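With mmCIF, C-alpha atoms and all ligand atoms inside, this is final24.cif:
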```
data_work
#
loop_
_atom_site.label_atom_id
_atom_site.label_comp_id
_atom_site.auth_asym_id
_atom_site.auth_seq_id
_atom_site.Cartn_x
_atom_site.Cartn_y
_atom_site.Cartn_z
CA MET L 1 105.72 101.97 133.29
CA SER L 2 108.56 101.27 130.95
CA GLU L 3 110.88 104.25 130.96
CA ILE L 4 113.89 102.38 129.61
CA LEU L 5 116.12 105.48 129.46
CA PRO L 6 115.46 108.98 130.82
CA GLY L 7 112.65 110.37 128.66
CA VAL L 8 112.47 107.26 126.47
CA HIS L 9 109.45 105.04 127.07
CA LEU L 10 108.79 101.67 125.51
CA VAL L 11 104.99 101.69 125.42
CA ASP L 12 103.49 98.81 127.39
CA GLY L 13 100.73 96.62 126.08
CA VAL L 14 101.31 97.10 122.36
CA ASP L 15 101.31 93.91 120.25
CA GLU L 16 104.01 91.55 121.32
CA GLY L 17 107.21 91.92 119.37
CA THR L 18 106.68 95.54 118.37
CA HIS L 19 108.31 98.51 120.06
CA VAL L 20 106.44 101.79 119.97
CA TYR L 21 108.49 104.53 121.64
CA LEU L 22 107.21 107.59 123.46
CA LEU L 23 109.84 110.31 123.73
CA LYS L 24 109.97 113.32 126.00
CA ASP L 25 110.65 116.58 124.21
CA LYS L 26 112.77 119.35 125.73
CA GLY L 27 109.67 121.18 126.97
CA ALA L 28 106.44 119.66 128.28
CA THR L 29 105.50 117.91 125.06
CA TRP L 30 105.97 114.40 123.70
CA THR L 31 106.77 112.61 120.46
CA LEU L 32 105.51 109.19 119.40
CA LEU L 33 107.77 107.04 117.24
CA ASP L 34 105.80 104.54 115.13
CA THR L 35 102.28 103.47 116.05
CA GLY L 36 101.94 99.67 115.97
CA LEU L 37 99.32 97.54 114.25
CA PRO L 38 95.69 98.60 113.84
CA GLY L 39 94.17 98.64 117.33
CA ALA L 40 97.45 99.44 119.11
CA SER L 41 96.13 102.94 119.73
CA THR L 42 94.09 101.53 122.63
CA ALA L 43 97.27 100.46 124.43
CA ILE L 44 99.13 103.66 123.53
CA LEU L 45 96.32 105.85 124.87
CA ALA L 46 96.08 103.71 128.01
CA TYR L 47 99.82 104.16 128.52
CA LEU L 48 99.51 107.93 128.15
CA ALA L 49 96.64 107.91 130.66
CA LYS L 50 98.73 105.89 133.12
CA LEU L 51 101.46 108.53 132.90
CA LYS L 52 98.85 111.29 133.19
CA ILE L 53 99.90 112.67 129.81
CA GLU L 54 97.13 114.39 127.88
CA PRO L 55 96.95 112.94 124.35
CA THR L 56 97.17 116.50 123.01
CA SER L 57 100.60 116.85 124.69
CA VAL L 58 101.88 114.50 121.96
CA LYS L 59 102.73 117.04 119.30
CA LYS L 60 104.58 114.91 116.76
CA VAL L 61 104.21 111.38 115.42
CA LEU L 62 107.27 110.11 113.55
CA VAL L 63 107.13 107.08 111.28
CA THR L 64 110.17 105.02 110.30
CA HIS L 65 108.45 103.38 107.32
CA LEU L 66 105.19 102.43 105.70
CA HIS L 67 104.67 98.86 106.97
CA ARG L 68 101.36 98.18 108.69
CA ASP L 69 102.92 97.26 112.03
CA HIS L 70 104.36 100.80 112.14
CA THR L 71 101.50 102.79 110.56
CA GLY L 72 98.48 100.66 111.59
CA SER L 73 97.39 103.07 114.33
CA LEU L 74 98.73 106.24 112.71
CA LYS L 75 95.33 107.61 111.75
CA ALA L 76 93.82 106.81 115.16
CA MET L 77 96.75 108.39 117.02
CA LEU L 78 96.66 111.53 114.88
CA GLU L 79 92.96 111.86 115.56
CA ALA L 80 93.44 111.39 119.32
CA THR L 81 96.44 113.69 119.66
CA ARG L 82 95.96 116.18 116.81
CA ALA L 83 99.74 115.85 116.38
CA ARG L 84 101.69 116.56 113.18
CA SER L 85 102.88 113.48 111.29
CA PHE L 86 106.39 113.05 109.86
CA SER L 87 107.95 110.55 107.46
CA HIS L 88 110.49 110.43 104.65
CA TRP L 89 108.97 111.88 101.47
CA ILE L 90 109.08 108.51 99.67
CA GLU L 91 107.22 106.76 102.50
CA ALA L 92 104.77 109.68 102.69
CA ALA L 93 103.59 108.87 99.16
CA PHE L 94 103.13 105.17 99.95
CA ILE L 95 101.44 105.93 103.31
CA ALA L 96 99.01 108.13 101.38
CA GLY L 97 98.42 105.15 99.06
CA ASP L 98 99.55 107.10 96.03
CA PRO L 99 100.91 104.88 94.60
CA PRO L 100 99.92 101.76 96.58
CA TYR L 101 102.93 99.89 97.97
CA ASP L 102 103.55 96.54 96.28
CA GLY L 103 106.80 95.47 97.98
CA PRO L 104 107.21 92.77 100.64
CA GLY L 105 105.69 93.20 104.10
CA MET L 106 102.19 94.41 104.88
CA PRO L 107 101.17 97.69 103.21
CA PRO L 108 99.40 100.40 105.21
CA VAL L 109 95.85 99.48 106.15
CA GLU L 110 94.48 102.96 105.39
CA SER L 111 95.81 106.01 103.61
CA VAL L 112 97.09 108.91 105.69
CA ARG L 113 98.40 112.23 104.42
CA ILE L 114 101.73 112.95 106.11
CA ASP L 115 101.95 116.58 107.27
CA GLU L 116 105.73 116.96 107.24
CA PRO L 117 107.59 114.88 104.66
CA PHE L 118 111.33 115.14 105.37
CA LYS L 119 114.50 114.27 103.52
CA ASP L 120 117.79 112.66 104.51
CA GLY L 121 119.74 114.72 107.02
CA ASP L 122 116.86 116.89 108.17
CA THR L 123 116.71 117.57 111.90
CA ILE L 124 113.33 117.19 113.54
CA ASP L 125 112.68 119.32 116.60
CA ALA L 126 111.63 116.38 118.79
CA ALA L 127 113.16 114.59 121.75
CA GLY L 128 115.97 117.12 121.96
CA GLY L 129 116.63 116.99 118.19
CA LEU L 130 116.51 113.93 115.96
CA ILE L 131 118.47 113.64 112.72
CA ALA L 132 116.54 111.72 110.06
CA TYR L 133 118.88 109.33 108.28
CA HIS L 134 117.45 107.80 105.14
CA THR L 135 118.30 104.09 105.50
CA PRO L 136 116.59 102.45 102.51
CA GLY L 137 116.51 98.77 101.68
CA HIS L 138 113.85 97.39 104.00
CA THR L 139 111.51 99.85 102.25
CA PRO L 140 112.42 102.62 99.78
CA GLY L 141 112.09 105.51 102.26
CA HIS L 142 112.94 103.73 105.50
CA THR L 143 114.40 106.15 108.03
CA SER L 144 116.43 105.83 111.24
CA PHE L 145 116.41 108.65 113.78
CA TYR L 146 119.55 109.68 115.65
CA GLN L 147 119.72 111.73 118.83
CA THR L 148 123.24 113.16 118.71
CA GLU L 149 123.57 114.41 122.28
CA ARG L 150 122.63 111.10 123.88
CA LYS L 151 123.82 108.84 121.04
CA LEU L 152 120.46 107.12 120.62
CA LEU L 153 119.65 105.42 117.32
CA PHE L 154 116.04 104.49 116.60
CA SER L 155 116.59 102.03 113.78
CA GLY L 156 113.06 100.95 112.80
CA ASP L 157 113.28 97.72 110.82
CA LEU L 158 116.77 98.18 109.43
CA PHE L 159 117.89 95.73 112.12
CA PHE L 160 116.22 92.93 114.01
CA VAL L 161 117.31 91.40 117.30
CA ASP L 162 116.94 87.65 117.07
CA ASP L 163 117.60 85.77 120.30
CA GLY L 164 119.89 88.54 121.52
CA LYS L 165 121.82 88.76 118.24
CA LEU L 166 121.67 91.78 115.95
CA ILE L 167 120.90 90.89 112.33
CA LEU L 168 119.53 92.64 109.27
CA THR L 169 115.77 92.27 108.90
CA THR L 170 115.28 89.16 106.79
CA PRO L 171 114.92 89.32 102.97
CA GLU L 172 111.36 87.96 103.27
CA TYR L 173 110.23 91.36 104.58
CA THR L 174 112.82 93.50 102.83
CA GLN L 175 112.50 95.16 99.45
CA HIS L 176 116.21 95.15 98.57
CA THR L 177 118.68 93.52 100.95
CA PRO L 178 121.89 94.80 99.23
CA THR L 179 120.62 98.35 99.78
CA ALA L 180 119.81 97.54 103.43
CA LYS L 181 123.43 96.36 103.83
CA ILE L 182 124.68 99.73 102.58
CA SER L 183 122.35 101.48 105.04
CA ALA L 184 123.65 99.29 107.89
CA ARG L 185 127.24 100.17 107.00
CA ARG L 186 126.32 103.84 107.02
CA MET L 187 124.79 103.54 110.50
CA SER L 188 127.89 101.70 111.74
CA ARG L 189 129.83 104.96 111.36
CA LEU L 190 127.68 106.72 113.95
CA SER L 191 128.63 106.80 117.60
CA VAL L 192 125.77 104.88 119.21
CA GLU L 193 125.21 104.08 122.85
CA SER L 194 121.62 102.78 122.74
CA LEU L 195 120.17 101.05 119.71
CA LEU L 196 116.38 101.28 119.89
CA THR L 197 115.13 98.53 117.62
CA TYR L 198 111.48 97.90 116.77
CA HIS L 199 111.45 94.09 116.79
CA GLY L 200 113.57 92.47 119.48
CA GLY L 201 116.04 94.37 121.62
CA PRO L 202 116.56 97.17 122.39
CA ILE L 203 120.33 97.14 122.97
CA LEU L 204 120.83 99.86 125.56
CA LYS L 205 124.60 99.59 126.09
CA ASN L 206 127.16 99.80 123.28
CA GLY L 207 124.58 99.35 120.54
CA GLY L 208 127.15 100.83 118.17
CA GLY L 209 129.48 97.89 118.82
CA ALA L 210 126.74 95.47 117.80
CA VAL L 211 126.09 97.48 114.61
CA ARG L 212 129.80 97.58 113.75
CA ARG L 213 130.21 93.83 114.32
CA LEU L 214 127.24 93.18 112.04
CA ALA L 215 128.43 95.65 109.38
CA GLU L 216 131.81 93.90 109.22
CA THR L 217 130.03 90.71 108.12
CA LEU L 218 127.99 92.38 105.36
ZN ZN I 301 108.96 96.82 108.30
#
```
For this file, write the structure as structure tokens.
Ligand SMILES: [Zn+2]
Amino acid sequence: MSEILPGVHLVDGVDEGTHVYLLKDKGATWTLLDTGLPGASTAILAYLAKLKIEPTSVKKVLVTHLHRDHTGSLKAMLEATRARSFSHWIEAAFIAGDPPYDGPGMPPVESVRIDEPFKDGDTIDAAGGLIAYHTPGHTPGHTSFYQTERKLLFSGDLFFVDDGKLILTTPEYTQHTPTAKISARRMSRLSVESLLTYHGGPILKNGGGAVRRLAETL
């Protein structure tokens, strides 16, 4: 069991190098944040079973962005949980395949209709309240989620932890790096204790310091 912070689980057994998070809501329900590559649903469901959590107790699935390593098991997880799906409205269109995504990085493997497209600044009633911050650059509708009370920032692929060092996700996988820099600077103004990255990391203590140090170099 990988409960890395109270109510924040890093799901075991998902493809190496990807961090799918399972978050406890205020009541008895759960939220899944990103879904891994196609096939990762097997590991996610096994993890839920290990914790004796009914799949239908997962009521919301949040997606940071369209890339296949985040949406690959979205359809399978929605079918297993009957949860509502959430993403930024721009990503929702690409995840539905209308239009198909032609930027860098792997596009979604199958089209999924997002139930609850949100916009920048919306608060999602999950994990004690998550603010959706539109942080474009990596993809057009990339979103980071911020839990104000506990100062948690789920940063998707805005950042990457490479050998313990926080960097921007590399241009190879990023649609527009100058825009990602602006997003990183915006996130550096938040008060962050734990930075929950998707590849590498997470940085559980003083994640905000790491973001500020990086932002100063951009
Ligand atoms: Zn990505």
- Would you mind reading off the distance between CA of Ile131 in chain L and CA of Tyr146 in chain L, one decimal, in Å?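 Interatomic distance here is 5.0 Å.
You will find CA of Ala43 in chain L at 26.4 Å from CA of Thr139 in chain L.
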Each residue of chain L lying at most 10 Å from ligand ZN 301 (chain I) should get a row with its shortest atom-to-atom pair and the distance in Å to one decimal, counting only C-alpha atoms and all ligand atoms; could you produce that, ordered by chain and increasing number, as CSV?
```
residue,atom,partner,partner_atom,distance
L:Thr64,CA,I:ZN301,ZN,8.5
L:His65,CA,I:ZN301,ZN,6.7
L:Leu66,CA,I:ZN301,ZN,7.2
L:His67,CA,I:ZN301,ZN,4.9
L:Arg68,CA,I:ZN301,ZN,7.7
L:Asp69,CA,I:ZN301,ZN,7.1
L:His70,CA,I:ZN301,ZN,7.2
L:Thr71,CA,I:ZN301,ZN,9.8
L:Pro104,CA,I:ZN301,ZN,8.8
L:Gly105,CA,I:ZN301,ZN,6.4
L:Met106,CA,I:ZN301,ZN,8.0
L:Pro107,CA,I:ZN301,ZN,9.3
L:His138,CA,I:ZN301,ZN,6.5
L:Thr139,CA,I:ZN301,ZN,7.2
L:His142,CA,I:ZN301,ZN,8.5
L:Gly156,CA,I:ZN301,ZN,7.4
L:Asp157,CA,I:ZN301,ZN,5.1
L:Leu158,CA,I:ZN301,ZN,8.0
L:Phe159,CA,I:ZN301,ZN,9.8
L:Thr169,CA,I:ZN301,ZN,8.2
L:Tyr173,CA,I:ZN301,ZN,6.7
L:Thr174,CA,I:ZN301,ZN,7.5
L:Gln175,CA,I:ZN301,ZN,9.7
L:Tyr198,CA,I:ZN301,ZN,8.9
L:His199,CA,I:ZN301,ZN,9.3
```
Grab the residues selected above and save them as an mmCIF file, in the frame of the given file with C-alpha atoms.
```cif
data_model
loop_
_atom_site.group_PDB
_atom_site.id
_atom_site.type_symbol
_atom_site.label_atom_id
_atom_site.label_comp_id
_atom_site.auth_asym_id
_atom_site.auth_seq_id
_atom_site.Cartn_x
_atom_site.Cartn_y
_atom_site.Cartn_z
ATOM 1 C CA THR L 64 110.170 105.020 110.300
ATOM 2 C CA HIS L 65 108.450 103.380 107.320
ATOM 3 C CA LEU L 66 105.190 102.430 105.700
ATOM 4 C CA HIS L 67 104.670 98.860 106.970
ATOM 5 C CA ARG L 68 101.360 98.180 108.690
ATOM 6 C CA ASP L 69 102.920 97.260 112.030
ATOM 7 C CA HIS L 70 104.360 100.800 112.140
ATOM 8 C CA THR L 71 101.500 102.790 110.560
ATOM 9 C CA PRO L 104 107.210 92.770 100.640
ATOM 10 C CA GLY L 105 105.690 93.200 104.100
ATOM 11 C CA MET L 106 102.190 94.410 104.880
ATOM 12 C CA PRO L 107 101.170 97.690 103.210
ATOM 13 C CA HIS L 138 113.850 97.390 104.000
ATOM 14 C CA THR L 139 111.510 99.850 102.250
ATOM 15 C CA HIS L 142 112.940 103.730 105.500
ATOM 16 C CA GLY L 156 113.060 100.950 112.800
ATOM 17 C CA ASP L 157 113.280 97.720 110.820
ATOM 18 C CA LEU L 158 116.770 98.180 109.430
ATOM 19 C CA PHE L 159 117.890 95.730 112.120
ATOM 20 C CA THR L 169 115.770 92.270 108.900
ATOM 21 C CA TYR L 173 110.230 91.360 104.580
ATOM 22 C CA THR L 174 112.820 93.500 102.830
ATOM 23 C CA GLN L 175 112.500 95.160 99.450
ATOM 24 C CA TYR L 198 111.480 97.900 116.770
ATOM 25 C CA HIS L 199 111.450 94.090 116.790
#
```
- Could you jot down the CA of Lys205 in chain L to CA of Phe160 in chain L separation for me, Å, one decimal place?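 Spanning CA of Lys205 in chain L to CA of Phe160 in chain L is a straight-line distance of 16.1 Å.
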- Message: Could you list, as a PyMOL selection string, every residue within 12 Å of Arg189 in chain L, counting all atoms listed in the file and ignoring same-chain residues fewer than 4 positions away?
- Response: chain L and resi 153+182-185+207-213+215-216
- Query: Using all atoms listed in the file, which residue out of L:Lys75, L:Ser144, L:Tyr101, L:Lys59 lies closest to Arg113 in chain L?
  - Reply: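 So, comparing all the options, the nearest one is L:Lys75.
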- Task: Determine the nearest neighbour of Thr135 in chain L from the options L:Pro55, L:Glu172, L:Ile167, L:Arg186, counting all atoms listed in the file.
- Result: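 Selected residue with least distance to Thr135 in chain L: L:Arg186.
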Determine the axis-aligned bounding box of all atoms of range 134-139 of chain L present in the file, pad each side by 3 Å, and express its centre and edge lengths in Å to one decimal place as JSON.
```
{"center_x": 114.9, "center_y": 102.6, "center_z": 103.6, "size_x": 12.8, "size_y": 16.4, "size_z": 9.8}
```
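For the choices L:Met187, L:Leu33, L:Val20, L:Val61, the atom-to-atom distance to Lys151 in chain L is smallest for L:Met187 when using only C-alpha atoms.
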- Fewer than 2 positions away in the same chain doesn't count, so skip those; otherwise give me all residues within 12 Å of Gly121 in chain L, counting all atoms listed in the file, as a list in words. His88, Phe118, Lys119, Thr123, Ile124, Gly129, Leu130, Ile131, Ala132, Tyr133, His134, Thr135, Thr143, Ser144, Phe145 and Tyr146 of chain L
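Counting all atoms listed in the file and comparing L:Thr18, L:Ser73, L:Ser111, L:Ser2, the residue that lies closest to Val161 in chain L is L:Thr18.
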- Message: I need the residue nearest His9 in chain L from this list: L:Leu48, L:Ala180, L:Ala28, L:Ala96. Use all atoms listed in the file for the distance.
- Response: L:Leu48
- From the list L:Ala83, L:Leu74, L:Val63, L:Ile44, which residue is nearest Ser155 in chain L when using only C-alpha atoms?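 Smallest separation from Ser155 in chain L among the options: L:Val63.
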